[in-house]
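start.cif (mmCIF, C-alpha atoms) appears below.
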```
data_query
#
loop_
_atom_site.label_atom_id
_atom_site.label_comp_id
_atom_site.auth_asym_id
_atom_site.auth_seq_id
_atom_site.Cartn_x
_atom_site.Cartn_y
_atom_site.Cartn_z
CA MET A 29 0.00 0.00 0.00
CA LYS A 30 1.06 3.62 -0.48
CA PRO A 31 1.93 5.69 2.58
CA THR A 32 -1.34 7.54 3.10
CA VAL A 33 -2.72 10.49 5.04
CA TRP A 34 -6.36 9.97 5.97
CA HIS A 35 -7.81 13.45 6.43
CA ASN A 36 -10.97 15.55 6.67
CA LEU A 37 -12.10 13.54 9.69
CA ASN A 38 -12.98 13.99 13.35
CA LEU A 39 -10.94 11.71 15.56
CA CYS A 40 -11.81 9.82 18.75
CA PRO A 41 -8.51 7.97 19.22
CA HIS A 42 -9.22 6.24 22.55
CA GLY A 43 -12.88 5.40 22.14
CA ASP A 44 -13.69 8.21 24.58
CA PRO A 45 -16.01 10.96 23.30
CA ASP A 46 -14.58 13.30 25.93
CA VAL A 47 -11.17 13.14 24.20
CA THR A 48 -11.48 14.09 20.54
CA ILE A 49 -9.63 15.93 17.77
CA LEU A 50 -11.71 17.93 15.32
CA ASP A 51 -10.46 18.23 11.72
CA GLY A 52 -7.91 15.51 12.31
CA ALA A 53 -5.61 13.37 10.22
CA ILE A 54 -3.93 9.96 10.45
CA ALA A 55 -0.67 9.23 8.63
CA VAL A 56 -0.31 5.51 7.88
CA GLN A 57 2.93 3.96 6.70
CA ASP A 58 3.21 1.40 3.90
CA ASP A 59 3.37 -1.41 6.48
CA GLY A 60 -0.08 -0.47 7.78
CA THR A 61 1.05 1.12 11.05
CA ILE A 62 0.23 4.62 12.23
CA ALA A 63 3.12 7.04 11.86
CA TRP A 64 1.33 10.07 13.29
CA LEU A 65 -2.15 11.29 14.19
CA GLY A 66 -3.50 14.61 15.39
CA ALA A 67 -5.04 17.85 14.17
CA GLN A 68 -4.72 18.43 10.42
CA ARG A 69 -3.13 21.83 11.03
CA ASP A 70 -0.29 20.14 12.92
CA LEU A 71 0.51 17.55 10.23
CA PRO A 72 4.32 17.39 9.95
CA SER A 73 5.78 18.41 6.60
CA LEU A 74 7.31 14.93 6.36
CA TYR A 75 3.86 13.58 5.39
CA ALA A 76 2.72 16.46 3.19
CA GLY A 77 3.49 14.63 -0.07
CA TRP A 78 1.86 11.33 0.89
CA HIS A 79 -1.21 9.98 -0.89
CA ARG A 80 -4.46 11.44 0.53
CA GLU A 81 -7.77 9.76 1.44
CA ASP A 82 -10.70 12.06 2.21
CA LEU A 83 -13.13 10.75 4.86
CA LYS A 84 -15.68 13.53 4.28
CA ARG A 85 -15.91 14.75 7.87
CA ALA A 86 -16.65 11.28 9.24
CA TRP A 87 -16.04 10.50 12.88
CA VAL A 88 -13.24 7.96 13.29
CA THR A 89 -12.89 5.57 16.22
CA PRO A 90 -10.65 2.58 16.84
CA GLY A 91 -11.99 -0.58 15.24
CA LEU A 92 -14.61 -2.06 17.56
CA VAL A 93 -13.85 -5.17 19.62
CA ASP A 94 -16.51 -7.84 20.20
CA CYS A 95 -14.97 -9.58 23.20
CA HIS A 96 -17.52 -12.34 23.97
CA THR A 97 -19.13 -14.37 21.19
CA HIS A 98 -20.18 -17.94 20.42
CA LEU A 99 -20.15 -17.09 16.71
CA VAL A 100 -19.38 -20.61 15.42
CA TYR A 101 -22.28 -23.04 15.75
CA GLY A 102 -24.57 -25.17 13.64
CA GLY A 103 -28.25 -24.58 12.98
CA GLN A 104 -30.48 -22.08 14.82
CA ARG A 105 -33.22 -22.21 17.43
CA ALA A 106 -35.96 -19.93 16.08
CA ASP A 107 -38.59 -22.67 16.40
CA GLU A 108 -37.75 -23.06 20.09
CA PHE A 109 -38.10 -19.30 20.48
CA ALA A 110 -41.57 -19.55 18.96
CA GLN A 111 -42.43 -22.39 21.37
CA ARG A 112 -41.37 -20.26 24.33
CA LEU A 113 -43.52 -17.39 23.09
CA ALA A 114 -46.42 -19.82 22.90
CA GLY A 115 -45.95 -20.75 26.54
CA ALA A 116 -43.59 -23.76 26.57
CA SER A 117 -41.06 -23.77 29.40
CA TYR A 118 -37.34 -24.25 28.94
CA GLU A 119 -37.64 -27.66 30.63
CA GLU A 120 -40.40 -28.75 28.26
CA ILE A 121 -38.33 -27.73 25.26
CA ALA A 122 -35.31 -29.57 26.66
CA ARG A 123 -37.36 -32.75 27.16
CA ARG A 124 -38.29 -32.59 23.47
CA GLY A 125 -34.59 -32.59 22.57
CA GLY A 126 -34.23 -28.83 22.35
CA GLY A 127 -32.09 -26.31 24.20
CA ILE A 128 -28.34 -26.46 24.03
CA VAL A 129 -28.53 -30.16 23.15
CA SER A 130 -30.12 -29.26 19.80
CA THR A 131 -27.24 -26.86 19.01
CA VAL A 132 -24.71 -29.52 20.03
CA ARG A 133 -26.44 -32.00 17.73
CA ALA A 134 -26.45 -29.54 14.81
CA THR A 135 -22.84 -28.50 15.37
CA ARG A 136 -21.60 -32.07 15.57
CA ALA A 137 -23.49 -32.98 12.40
CA ALA A 138 -22.26 -30.01 10.35
CA SER A 139 -19.21 -30.37 8.15
CA GLU A 140 -16.39 -27.94 8.68
CA GLU A 141 -17.26 -26.24 5.40
CA ALA A 142 -20.92 -25.86 6.33
CA LEU A 143 -20.00 -24.53 9.75
CA PHE A 144 -17.61 -22.04 8.17
CA ALA A 145 -20.26 -20.80 5.71
CA GLN A 146 -22.88 -20.25 8.43
CA SER A 147 -20.42 -18.51 10.73
CA ALA A 148 -18.99 -16.33 7.96
CA GLU A 149 -22.39 -14.69 7.40
CA ARG A 150 -22.51 -13.69 11.05
CA LEU A 151 -18.95 -12.35 10.97
CA GLU A 152 -19.65 -10.30 7.83
CA ALA A 153 -22.51 -8.53 9.62
CA LEU A 154 -20.20 -7.57 12.49
CA LEU A 155 -17.44 -6.41 10.13
CA ALA A 156 -19.93 -4.08 8.42
CA GLU A 157 -20.48 -2.41 11.82
CA GLY A 158 -16.82 -1.62 12.40
CA VAL A 159 -15.65 -4.73 14.28
CA THR A 160 -11.97 -5.44 13.61
CA ALA A 161 -11.24 -7.83 16.51
CA ILE A 162 -13.43 -10.58 17.94
CA GLU A 163 -13.37 -13.44 20.41
CA ILE A 164 -14.96 -16.73 19.32
CA LYS A 165 -15.65 -19.48 21.85
CA SER A 166 -16.09 -23.18 21.30
CA GLY A 167 -18.55 -25.03 23.53
CA TYR A 168 -21.18 -26.46 21.19
CA GLY A 169 -19.19 -29.54 20.28
CA LEU A 170 -18.53 -30.95 23.76
CA ASP A 171 -16.30 -33.72 22.44
CA LEU A 172 -12.73 -33.48 21.22
CA GLU A 173 -13.39 -33.75 17.49
CA SER A 174 -16.29 -31.32 17.46
CA GLU A 175 -14.54 -28.76 19.67
CA ARG A 176 -11.51 -29.03 17.39
CA LYS A 177 -13.76 -28.46 14.37
CA MET A 178 -15.25 -25.31 15.92
CA LEU A 179 -11.85 -23.87 16.81
CA ARG A 180 -10.46 -24.68 13.37
CA VAL A 181 -13.37 -22.80 11.80
CA ALA A 182 -12.71 -19.82 14.09
CA ARG A 183 -9.05 -19.78 13.05
CA ARG A 184 -10.05 -19.98 9.37
CA LEU A 185 -12.41 -17.04 9.78
CA GLY A 186 -9.47 -14.99 11.03
CA GLU A 187 -7.41 -16.04 8.03
CA ARG A 188 -10.11 -15.38 5.44
CA TYR A 189 -11.61 -12.16 6.81
CA PRO A 190 -9.96 -8.84 7.76
CA VAL A 191 -10.78 -9.34 11.44
CA THR A 192 -8.43 -10.48 14.19
CA VAL A 193 -9.93 -13.59 15.81
CA TYR A 194 -9.08 -14.78 19.32
CA THR A 195 -10.23 -18.28 20.21
CA THR A 196 -11.48 -19.44 23.61
CA PHE A 197 -11.93 -23.08 24.59
CA LEU A 198 -15.28 -23.43 26.38
CA GLY A 199 -15.45 -27.19 26.67
CA ALA A 200 -16.96 -26.70 30.13
CA HIS A 201 -20.05 -25.02 28.69
CA ALA A 202 -22.64 -27.73 29.35
CA LEU A 203 -22.84 -31.43 30.03
CA PRO A 204 -23.07 -33.46 26.79
CA PRO A 205 -25.80 -36.12 26.60
CA GLU A 206 -23.34 -39.00 26.73
CA PHE A 207 -22.09 -37.77 30.13
CA ALA A 208 -25.54 -37.25 31.67
CA GLY A 209 -25.24 -37.57 35.46
CA ARG A 210 -21.44 -37.75 35.26
CA ALA A 211 -20.27 -34.15 35.42
CA ASP A 212 -16.99 -34.95 37.19
CA ALA A 213 -16.12 -37.51 34.54
CA TYR A 214 -16.78 -34.93 31.83
CA ILE A 215 -14.53 -32.39 33.57
CA ASN A 216 -11.83 -35.11 33.57
CA GLU A 217 -12.29 -35.32 29.79
CA VAL A 218 -12.09 -31.52 29.42
CA CYS A 219 -9.00 -31.12 31.59
CA ASP A 220 -7.02 -34.27 30.83
CA ARG A 221 -7.74 -34.86 27.16
CA MET A 222 -9.49 -32.06 25.32
CA LEU A 223 -7.68 -28.97 26.56
CA PRO A 224 -4.12 -30.39 26.33
CA ALA A 225 -4.74 -31.68 22.79
CA LEU A 226 -6.28 -28.47 21.49
CA ALA A 227 -3.66 -26.29 23.17
CA ASP A 228 -0.87 -28.38 21.66
CA GLU A 229 -2.42 -27.83 18.23
CA GLY A 230 -2.30 -24.04 18.73
CA LEU A 231 -6.08 -23.67 18.55
CA VAL A 232 -6.63 -22.03 21.94
CA ASP A 233 -5.86 -18.48 23.11
CA ALA A 234 -7.85 -18.59 26.39
CA VAL A 235 -10.01 -20.94 28.46
CA ASP A 236 -13.55 -20.29 29.74
CA VAL A 237 -16.03 -22.13 31.97
CA PHE A 238 -19.74 -21.70 32.70
CA CYS A 239 -19.78 -21.58 36.50
CA GLU A 240 -23.45 -21.68 37.38
CA ARG A 241 -26.11 -23.93 38.89
CA ILE A 242 -27.06 -25.19 35.43
CA GLY A 243 -23.40 -25.30 34.41
CA PHE A 244 -20.49 -26.42 36.57
CA SER A 245 -19.72 -26.13 40.26
CA LEU A 246 -16.96 -24.09 41.86
CA ALA A 247 -14.86 -27.20 42.39
CA GLN A 248 -15.31 -28.32 38.78
CA SER A 249 -14.59 -24.82 37.49
CA GLU A 250 -11.41 -24.64 39.53
CA ARG A 251 -10.18 -27.85 37.95
CA VAL A 252 -10.60 -26.21 34.53
CA PHE A 253 -8.65 -23.15 35.70
CA GLU A 254 -5.89 -25.38 37.03
CA ALA A 255 -5.69 -27.18 33.68
CA ALA A 256 -5.50 -23.84 31.88
CA GLU A 257 -2.72 -22.75 34.22
CA ARG A 258 -0.76 -25.90 33.41
CA ALA A 259 -1.17 -25.14 29.72
CA GLY A 260 -0.03 -21.53 30.20
CA LEU A 261 -3.36 -20.08 29.03
CA PRO A 262 -5.34 -17.17 30.52
CA VAL A 263 -8.82 -17.82 31.88
CA LYS A 264 -12.25 -16.21 31.62
CA VAL A 265 -15.52 -17.09 33.30
CA HIS A 266 -19.27 -17.04 32.66
CA ALA A 267 -20.41 -16.22 36.20
CA GLU A 268 -23.18 -14.76 38.35
CA GLN A 269 -25.65 -14.75 35.45
CA LEU A 270 -28.48 -16.60 37.21
CA SER A 271 -27.28 -16.77 40.82
CA ASN A 272 -24.37 -15.71 43.01
CA MET A 273 -22.15 -18.78 43.28
CA GLY A 274 -18.86 -16.95 43.78
CA GLY A 275 -17.49 -17.88 40.37
CA THR A 276 -16.07 -14.42 39.84
CA GLN A 277 -14.08 -14.55 43.08
CA LEU A 278 -12.76 -17.98 42.12
CA ALA A 279 -11.74 -16.80 38.67
CA ALA A 280 -10.06 -13.72 40.13
CA ARG A 281 -7.78 -16.01 42.17
CA TYR A 282 -6.55 -17.31 38.83
CA ASN A 283 -6.13 -13.76 37.47
CA ALA A 284 -8.99 -14.09 35.00
CA ILE A 285 -8.81 -11.55 32.20
CA SER A 286 -12.60 -11.19 32.25
CA ALA A 287 -15.73 -12.21 34.13
CA ASP A 288 -18.86 -12.11 32.00
CA HIS A 289 -22.64 -11.63 32.54
CA LEU A 290 -22.49 -10.69 36.29
CA GLU A 291 -26.13 -9.84 36.93
CA PHE A 292 -25.91 -11.32 40.46
CA LEU A 293 -22.39 -10.11 41.26
CA ASP A 294 -21.87 -8.79 44.81
CA GLU A 295 -19.32 -6.40 46.30
CA ALA A 296 -16.99 -9.22 47.38
CA GLY A 297 -16.80 -10.29 43.75
CA VAL A 298 -16.17 -6.72 42.60
CA LEU A 299 -13.32 -6.31 45.11
CA ALA A 300 -11.79 -9.56 43.90
CA MET A 301 -11.91 -8.25 40.33
CA ILE A 302 -10.08 -5.08 41.34
CA GLU A 303 -7.35 -7.12 43.00
CA SER A 304 -6.82 -9.30 39.92
CA GLY A 305 -7.37 -6.66 37.23
CA THR A 306 -10.32 -8.63 35.81
CA VAL A 307 -12.57 -6.82 33.30
CA ALA A 308 -16.36 -6.98 33.70
CA VAL A 309 -18.08 -7.93 30.43
CA LEU A 310 -21.79 -7.06 30.31
CA LEU A 311 -24.04 -8.82 27.81
CA PRO A 312 -27.30 -6.92 27.33
CA GLY A 313 -28.47 -9.17 24.51
CA ALA A 314 -28.80 -12.19 26.79
CA PHE A 315 -30.36 -10.04 29.53
CA TYR A 316 -32.96 -8.85 27.04
CA PHE A 317 -33.62 -12.17 25.33
CA ILE A 318 -34.25 -14.22 28.48
CA ARG A 319 -36.24 -11.33 30.03
CA GLU A 320 -33.94 -11.06 33.05
CA THR A 321 -34.91 -8.49 35.68
CA GLN A 322 -31.80 -8.54 37.88
CA LEU A 323 -29.55 -5.73 36.64
CA PRO A 324 -25.77 -6.08 36.84
CA PRO A 325 -24.37 -3.93 39.69
CA LEU A 326 -23.13 -1.08 37.53
CA ASP A 327 -22.93 1.40 40.43
CA LEU A 328 -20.67 -1.00 42.36
CA LEU A 329 -18.46 -1.49 39.31
CA ARG A 330 -18.25 2.27 38.83
CA ARG A 331 -17.51 2.96 42.49
CA HIS A 332 -14.60 0.54 42.49
CA ARG A 333 -13.42 1.58 39.01
CA VAL A 334 -13.70 -1.84 37.42
CA PRO A 335 -13.32 -1.53 33.63
CA VAL A 336 -16.57 -2.53 31.94
CA ALA A 337 -16.81 -3.99 28.43
CA VAL A 338 -19.92 -4.62 26.32
CA SER A 339 -20.32 -7.46 23.82
CA THR A 340 -22.90 -9.23 21.66
CA ASP A 341 -22.70 -12.71 23.26
CA CYS A 342 -23.74 -13.85 19.77
CA ASN A 343 -25.21 -17.34 20.31
CA PRO A 344 -28.26 -19.29 19.13
CA GLY A 345 -29.97 -19.75 22.47
CA THR A 346 -29.94 -16.48 24.40
CA SER A 347 -28.50 -13.75 22.18
CA PRO A 348 -29.00 -14.40 18.45
CA CYS A 349 -27.57 -11.01 17.57
CA THR A 350 -24.89 -9.96 15.09
CA SER A 351 -25.05 -6.21 15.78
CA LEU A 352 -22.66 -4.70 18.29
CA LEU A 353 -24.31 -1.32 17.69
CA THR A 354 -27.62 -2.75 18.89
CA MET A 355 -25.89 -4.05 22.01
CA MET A 356 -24.47 -0.57 22.60
CA ASN A 357 -27.97 0.89 22.59
CA MET A 358 -29.21 -1.88 24.88
CA ALA A 359 -26.33 -1.29 27.32
CA ALA A 360 -27.43 2.32 27.56
CA THR A 361 -31.19 1.76 27.74
CA LEU A 362 -31.29 -1.41 29.84
CA PHE A 363 -28.21 -0.96 32.06
CA ARG A 364 -28.18 2.86 32.09
CA MET A 365 -24.59 3.09 30.88
CA SER A 366 -23.47 6.51 29.62
CA VAL A 367 -22.30 7.16 26.07
CA PRO A 368 -18.62 7.38 27.14
CA GLU A 369 -18.95 4.15 29.14
CA VAL A 370 -20.49 2.32 26.20
CA LEU A 371 -17.91 3.53 23.68
CA ARG A 372 -15.02 2.62 25.96
CA GLY A 373 -16.79 -0.70 26.53
CA VAL A 374 -16.48 -1.71 22.87
CA THR A 375 -12.96 -0.34 22.36
CA VAL A 376 -10.34 0.03 25.07
CA HIS A 377 -12.07 -2.04 27.78
CA ALA A 378 -13.12 -4.76 25.34
CA ALA A 379 -9.49 -5.05 24.25
CA ARG A 380 -8.48 -5.45 27.90
CA ALA A 381 -11.10 -8.19 28.28
CA LEU A 382 -9.17 -10.14 25.64
CA GLY A 383 -5.81 -9.44 27.26
CA GLN A 384 -4.96 -7.41 24.14
CA ALA A 385 -4.92 -3.81 25.36
CA GLY A 386 -1.53 -3.33 23.71
CA ARG A 387 -2.89 -4.19 20.29
CA HIS A 388 -6.53 -3.09 20.00
CA GLY A 389 -8.94 -0.50 21.35
CA THR A 390 -6.97 2.72 20.76
CA LEU A 391 -5.34 4.54 17.87
CA GLU A 392 -1.73 5.46 18.56
CA ALA A 393 1.50 5.99 16.65
CA GLY A 394 3.24 2.65 16.18
CA ARG A 395 0.03 0.61 16.27
CA GLN A 396 -1.70 -1.03 13.35
CA ALA A 397 -4.13 1.32 11.61
CA ASP A 398 -7.41 -0.44 12.43
CA PHE A 399 -10.26 2.04 12.53
CA ALA A 400 -13.90 2.63 11.67
CA ALA A 401 -15.31 5.74 10.02
CA TRP A 402 -18.87 6.69 10.95
CA ARG A 403 -21.41 8.71 8.98
CA VAL A 404 -22.66 10.64 12.02
CA GLN A 405 -22.49 14.19 13.31
CA SER A 406 -22.07 13.19 16.94
CA LEU A 407 -20.48 10.17 18.60
CA ALA A 408 -23.63 9.87 20.73
CA GLU A 409 -25.40 8.69 17.56
CA LEU A 410 -23.45 5.41 17.74
CA VAL A 411 -25.38 4.61 20.92
CA TYR A 412 -28.61 6.44 20.02
CA TRP A 413 -29.54 4.73 16.74
CA PHE A 414 -30.38 1.05 16.38
CA GLY A 415 -31.23 -0.81 13.21
CA ARG A 416 -29.62 1.85 11.05
CA PRO A 417 -26.31 1.45 9.14
CA LEU A 418 -23.81 4.00 10.40
CA CYS A 419 -20.39 2.65 9.46
CA SER A 420 -19.17 4.21 6.22
CA ARG A 421 -15.77 2.54 6.09
CA VAL A 422 -13.64 -0.01 7.93
CA VAL A 423 -9.87 0.18 7.63
CA ARG A 424 -7.58 -2.60 8.76
CA ALA A 425 -3.79 -2.22 8.65
CA GLY A 426 -4.33 0.85 6.47
CA HIS A 427 -6.47 -0.94 3.87
CA THR A 428 -10.17 -0.31 3.29
CA VAL A 429 -11.87 -3.66 3.94
CA TYR A 430 -15.47 -2.46 3.99
CA GLN A 431 -17.14 0.56 2.43
CA MET A 432 -20.78 1.60 2.63
CA ARG A 433 -22.49 1.97 -0.72
CA GLY A 434 -22.42 5.60 -1.79
CA ASP A 435 -19.54 6.56 0.51
#
```
Once more with this new file: its structure as structure tokens, please.
Amino acid sequence: MKPTVWHNLNLCPHGDPDVTILDGAIAVQDDGTIAWLGAQRDLPSLYAGWHREDLKRAWVTPGLVDCHTHLVYGGQRADEFAQRLAGASYEEIARRGGGIVSTVRATRAASEEALFAQSAERLEALLAEGVTAIEIKSGYGLDLESERKMLRVARRLGERYPVTVYTTFLGAHALPPEFAGRADAYINEVCDRMLPALADEGLVDAVDVFCERIGFSLAQSERVFEAAERAGLPVKVHAEQLSNMGGTQLAARYNAISADHLEFLDEAGVLAMIESGTVAVLLPGAFYFIRETQLPPLDLLRRHRVPVAVSTDCNPGTSPCTSLLTMMNMAATLFRMSVPEVLRGVTVHAARALGQAGRHGTLEAGRQADFAAWRVQSLAELVYWFGRPLCSRVVRAGHTVYQMRGD
């Protein structure tokens, strides 16, 4: 690529609408890294002769980070959704072979190519909304071969699309049918066979566990964390979504990079997060979809200055959403987050939730030029609108990888 100065733009380099540069410019070197950024009037003469790209007064933010997704899975569960609307309970649906078991069945049955094609459509929708980095969890295979297939698809998505993909092994997501009534035996399989094999194949960047009454106990979750520690991998946790089991405190003892959901989190859990530097990841899509009424303790998180990220939780059962912008609006309307909190939650704090604060979430000299340009007059519009396309261009490593029609 040619060394390029992107100009005629308004710049929000840290995802914080309180820190902006009007009439800004970004000088990007031929290797795709940022050489300089700031006000256009201060552009050094060194870059005056570089190729120019006019962004037509767009607002520019760092590329968005979707830090908690289950993007790779087979099938969908719209019919189950319709059954619930008609009055069927979750237990009734499960007895008919539905629930997570139906997604496991569909994921196991899908070929790698079919799984890739389904997942690619979901990733394309996120890319068109400015997402340049994403986490993708396994957890719908629940046996070695199927978990491997999911993680291989996630890696392929990162190779084929201009999005950085981080993979998380979530073998301890649910109990597979063949291990019914034998949760400890399944955790043995996760810790002693599945995780070591997948880590050795380079398919895993982090390890997660669903620590909940309908998931796995504290003791079982700790065994997963210990296995991750042996493999040299960071941990995350699904915790305090439906009850307060203390999963967040447990994960904090293992220096978890994030604790996610957190509707029933208490102050002891918040204090543990501060001690370990764990990021809180809030998932308004799941809160909305299951009609939860217990709000996450945002005031506690604010008071203790815990960084808060926001993500789609894209999954077929509780958050079938491929719009991070919609989640941003939901975080504001449902959780009462402010515009600055939401924007930091999908940039700098989301990057921290992946353990990648040094690579994503901000625009700085020396970093890769990954940014989104927005056809808005105010950054508040990114949180205000929902269901409306706002992203005019996505740039990754200095290259335009998405452009809105007519831009």
Practice task
Would you list the residues near (-13.4, -12.6, 21.6) (no more than 9 Å away, in the coordinates of the file, using all atoms listed in the file) as a PyMOL selection string?
Solution key: chain A and resi 93-98+161-165+193-196+339+378-379+381-382
Practice task
For atom CA of A:Gln111 and atom CA of A:Thr321, determine how far apart the two atoms are, in Å to one decimal place.
Solution key: 21.3 Å
Exercise for the section: For the file shown, report as a PyMOL selection string the outcome of the PyMOL selection byres ((chain A and resi 106) around 12) at residue level. Expected result: chain A and resi 103-105+107-113+126-127+130-131+343-348
Emit the selected residues as an mmCIF file, in the coordinates of the input, including C-alpha atoms.
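Final output, saved to selection.cif:
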```
data_model
loop_
_atom_site.group_PDB
_atom_site.id
_atom_site.type_symbol
_atom_site.label_atom_id
_atom_site.label_comp_id
_atom_site.auth_asym_id
_atom_site.auth_seq_id
_atom_site.Cartn_x
_atom_site.Cartn_y
_atom_site.Cartn_z
ATOM 1 C CA GLY A 103 -28.250 -24.580 12.980
ATOM 2 C CA GLN A 104 -30.480 -22.080 14.820
ATOM 3 C CA ARG A 105 -33.220 -22.210 17.430
ATOM 4 C CA ASP A 107 -38.590 -22.670 16.400
ATOM 5 C CA GLU A 108 -37.750 -23.060 20.090
ATOM 6 C CA PHE A 109 -38.100 -19.300 20.480
ATOM 7 C CA ALA A 110 -41.570 -19.550 18.960
ATOM 8 C CA GLN A 111 -42.430 -22.390 21.370
ATOM 9 C CA ARG A 112 -41.370 -20.260 24.330
ATOM 10 C CA LEU A 113 -43.520 -17.390 23.090
ATOM 11 C CA GLY A 126 -34.230 -28.830 22.350
ATOM 12 C CA GLY A 127 -32.090 -26.310 24.200
ATOM 13 C CA SER A 130 -30.120 -29.260 19.800
ATOM 14 C CA THR A 131 -27.240 -26.860 19.010
ATOM 15 C CA ASN A 343 -25.210 -17.340 20.310
ATOM 16 C CA PRO A 344 -28.260 -19.290 19.130
ATOM 17 C CA GLY A 345 -29.970 -19.750 22.470
ATOM 18 C CA THR A 346 -29.940 -16.480 24.400
ATOM 19 C CA SER A 347 -28.500 -13.750 22.180
ATOM 20 C CA PRO A 348 -29.000 -14.400 18.450
#
```
Exercise for the section: Tell me, as a PyMOL selection string, which residues lie within 10 Å of A:Glu206, counting all atoms listed in the file; anything in the same chain fewer than 5 positions away does not count. Expected result: chain A and resi 170-171+214
Problem - Straight-line distance linking atom CA of A:Pro368 with atom CA of A:Ala300, stated in Å to one decimal - result: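 Result for atom CA of A:Pro368 versus atom CA of A:Ala300: 24.8 Å, one decimal.
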Handout entry: Point-to-point distance in Å for atom CA of A:Ser366 and atom CA of A:Leu50
Key =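 These atoms are spaced 21.8 Å apart.
Shortest separation to A:Pro262 among A:Ala280, A:Ala425, A:Met356, A:Ala86 occurs at residue A:Ala280, atoms counted being all atoms listed in the file.
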Exercise for the section: Go through A:Trp78, A:Phe399, A:Tyr282, A:Phe363 and flag the residue nearest A:Val263, using only C-alpha atoms for the distances. Expected result: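 Smallest separation from A:Val263 among the options: A:Tyr282.
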Fill in the blank from the handout: Of A:Val370, A:Ile285, A:Ala53, A:Val218, the one nearest to A:Leu92 when counting only C-alpha atoms is A:Val370
Exercise for the section: Check the smallest atom-to-atom distance from each of A:Gly386, A:Gly77, A:Gly91, A:Gly66 to A:Ala401 using all atoms listed in the file, then report the winner. Expected result: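 When distances to A:Ala401 are compared using all atoms listed in the file, the smallest one comes from A:Gly91.
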Handout entry: Polymer residues at most 7 Å from A:Ile49, all atoms listed in the file, same-chain spacing of 5 or more positions, as a ChimeraX atom specification
Key = /A:38-40,66-67
Practice task
Can you pull out every residue within 12 Å of A:Phe292, counting only C-alpha atoms, but drop anything in the same chain fewer than 2 positions away, and send it as a PyMOL selection string?
Solution key: chain A and resi 240+266-276+288-290+294-298+310+315+320-326+328
Using all atoms listed in the file, find each residue in stretch 51-164 of chain A having at least one atom no more than 10 Å away from stretch 392-395 of chain A; report its shortest atom-to-atom pair and that distance in Å (one decimal), rows by chain then rising number, as JSON lines.
```
{"residue": "A:Ile54", "atom": "CA", "partner": "A:Ala393", "partner_atom": "CA", "distance": 9.1}
{"residue": "A:Ala55", "atom": "CA", "partner": "A:Ala393", "partner_atom": "CA", "distance": 8.9}
{"residue": "A:Val56", "atom": "CA", "partner": "A:Ala393", "partner_atom": "CA", "distance": 9.0}
{"residue": "A:Gln57", "atom": "CA", "partner": "A:Gly394", "partner_atom": "CA", "distance": 9.6}
{"residue": "A:Gly60", "atom": "CA", "partner": "A:Arg395", "partner_atom": "CA", "distance": 8.6}
{"residue": "A:Thr61", "atom": "CA", "partner": "A:Arg395", "partner_atom": "CA", "distance": 5.3}
{"residue": "A:Ile62", "atom": "CA", "partner": "A:Ala393", "partner_atom": "CA", "distance": 4.8}
{"residue": "A:Ala63", "atom": "CA", "partner": "A:Ala393", "partner_atom": "CA", "distance": 5.2}
{"residue": "A:Trp64", "atom": "CA", "partner": "A:Ala393", "partner_atom": "CA", "distance": 5.3}
{"residue": "A:Leu65", "atom": "CA", "partner": "A:Ala393", "partner_atom": "CA", "distance": 6.9}
{"residue": "A:Gly66", "atom": "CA", "partner": "A:Glu392", "partner_atom": "CA", "distance": 9.8}
{"residue": "A:Pro90", "atom": "CA", "partner": "A:Glu392", "partner_atom": "CA", "distance": 9.5}
```
Please produce a file of those selected residues containing C-alpha atoms, as a PDB file, in the frame of the given file.
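Now in out-v4.pdb:
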```
ATOM      1  CA  ILE A  54      -3.930   9.960  10.450  1.00  0.00           C
ATOM      2  CA  ALA A  55      -0.670   9.230   8.630  1.00  0.00           C
ATOM      3  CA  VAL A  56      -0.310   5.510   7.880  1.00  0.00           C
ATOM      4  CA  GLN A  57       2.930   3.960   6.700  1.00  0.00           C
ATOM      5  CA  GLY A  60      -0.080  -0.470   7.780  1.00  0.00           C
ATOM      6  CA  THR A  61       1.050   1.120  11.050  1.00  0.00           C
ATOM      7  CA  ILE A  62       0.230   4.620  12.230  1.00  0.00           C
ATOM      8  CA  ALA A  63       3.120   7.040  11.860  1.00  0.00           C
ATOM      9  CA  TRP A  64       1.330  10.070  13.290  1.00  0.00           C
ATOM     10  CA  LEU A  65      -2.150  11.290  14.190  1.00  0.00           C
ATOM     11  CA  GLY A  66      -3.500  14.610  15.390  1.00  0.00           C
ATOM     12  CA  PRO A  90     -10.650   2.580  16.840  1.00  0.00           C
TER      13      PRO A  90
END
```
Practice task
Enumerate, as a ChimeraX atom specification, the residues matched when the PyMOL selection byres ((chain A and resi 183-188) around 12) is run on the file above.
Solution key: /A:99-100,140-141,143-152,155,160-166,176-182,189-196,229-233,429
I need every residue sitting at most 10 Å from the point (-26.0, -31.3, 17.7) (coordinates as in the file, only C-alpha atoms considered), written as a short mmCIF file (atom, residue, chain, number, x, y, z; two decimals) with C-alpha atoms, in the frame of the given file.
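Done, and the output landed in selection20.cif:
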```cif
data_model
loop_
_atom_site.label_atom_id
_atom_site.label_comp_id
_atom_site.auth_asym_id
_atom_site.auth_seq_id
_atom_site.Cartn_x
_atom_site.Cartn_y
_atom_site.Cartn_z
CA TYR A 101 -22.28 -23.04 15.75
CA GLY A 102 -24.57 -25.17 13.64
CA GLY A 103 -28.25 -24.58 12.98
CA GLY A 125 -34.59 -32.59 22.57
CA GLY A 126 -34.23 -28.83 22.35
CA ILE A 128 -28.34 -26.46 24.03
CA VAL A 129 -28.53 -30.16 23.15
CA SER A 130 -30.12 -29.26 19.80
CA THR A 131 -27.24 -26.86 19.01
CA VAL A 132 -24.71 -29.52 20.03
CA ARG A 133 -26.44 -32.00 17.73
CA ALA A 134 -26.45 -29.54 14.81
CA THR A 135 -22.84 -28.50 15.37
CA ARG A 136 -21.60 -32.07 15.57
CA ALA A 137 -23.49 -32.98 12.40
CA ALA A 138 -22.26 -30.01 10.35
CA TYR A 168 -21.18 -26.46 21.19
CA GLY A 169 -19.19 -29.54 20.28
CA LEU A 170 -18.53 -30.95 23.76
CA SER A 174 -16.29 -31.32 17.46
CA PRO A 204 -23.07 -33.46 26.79
#
```
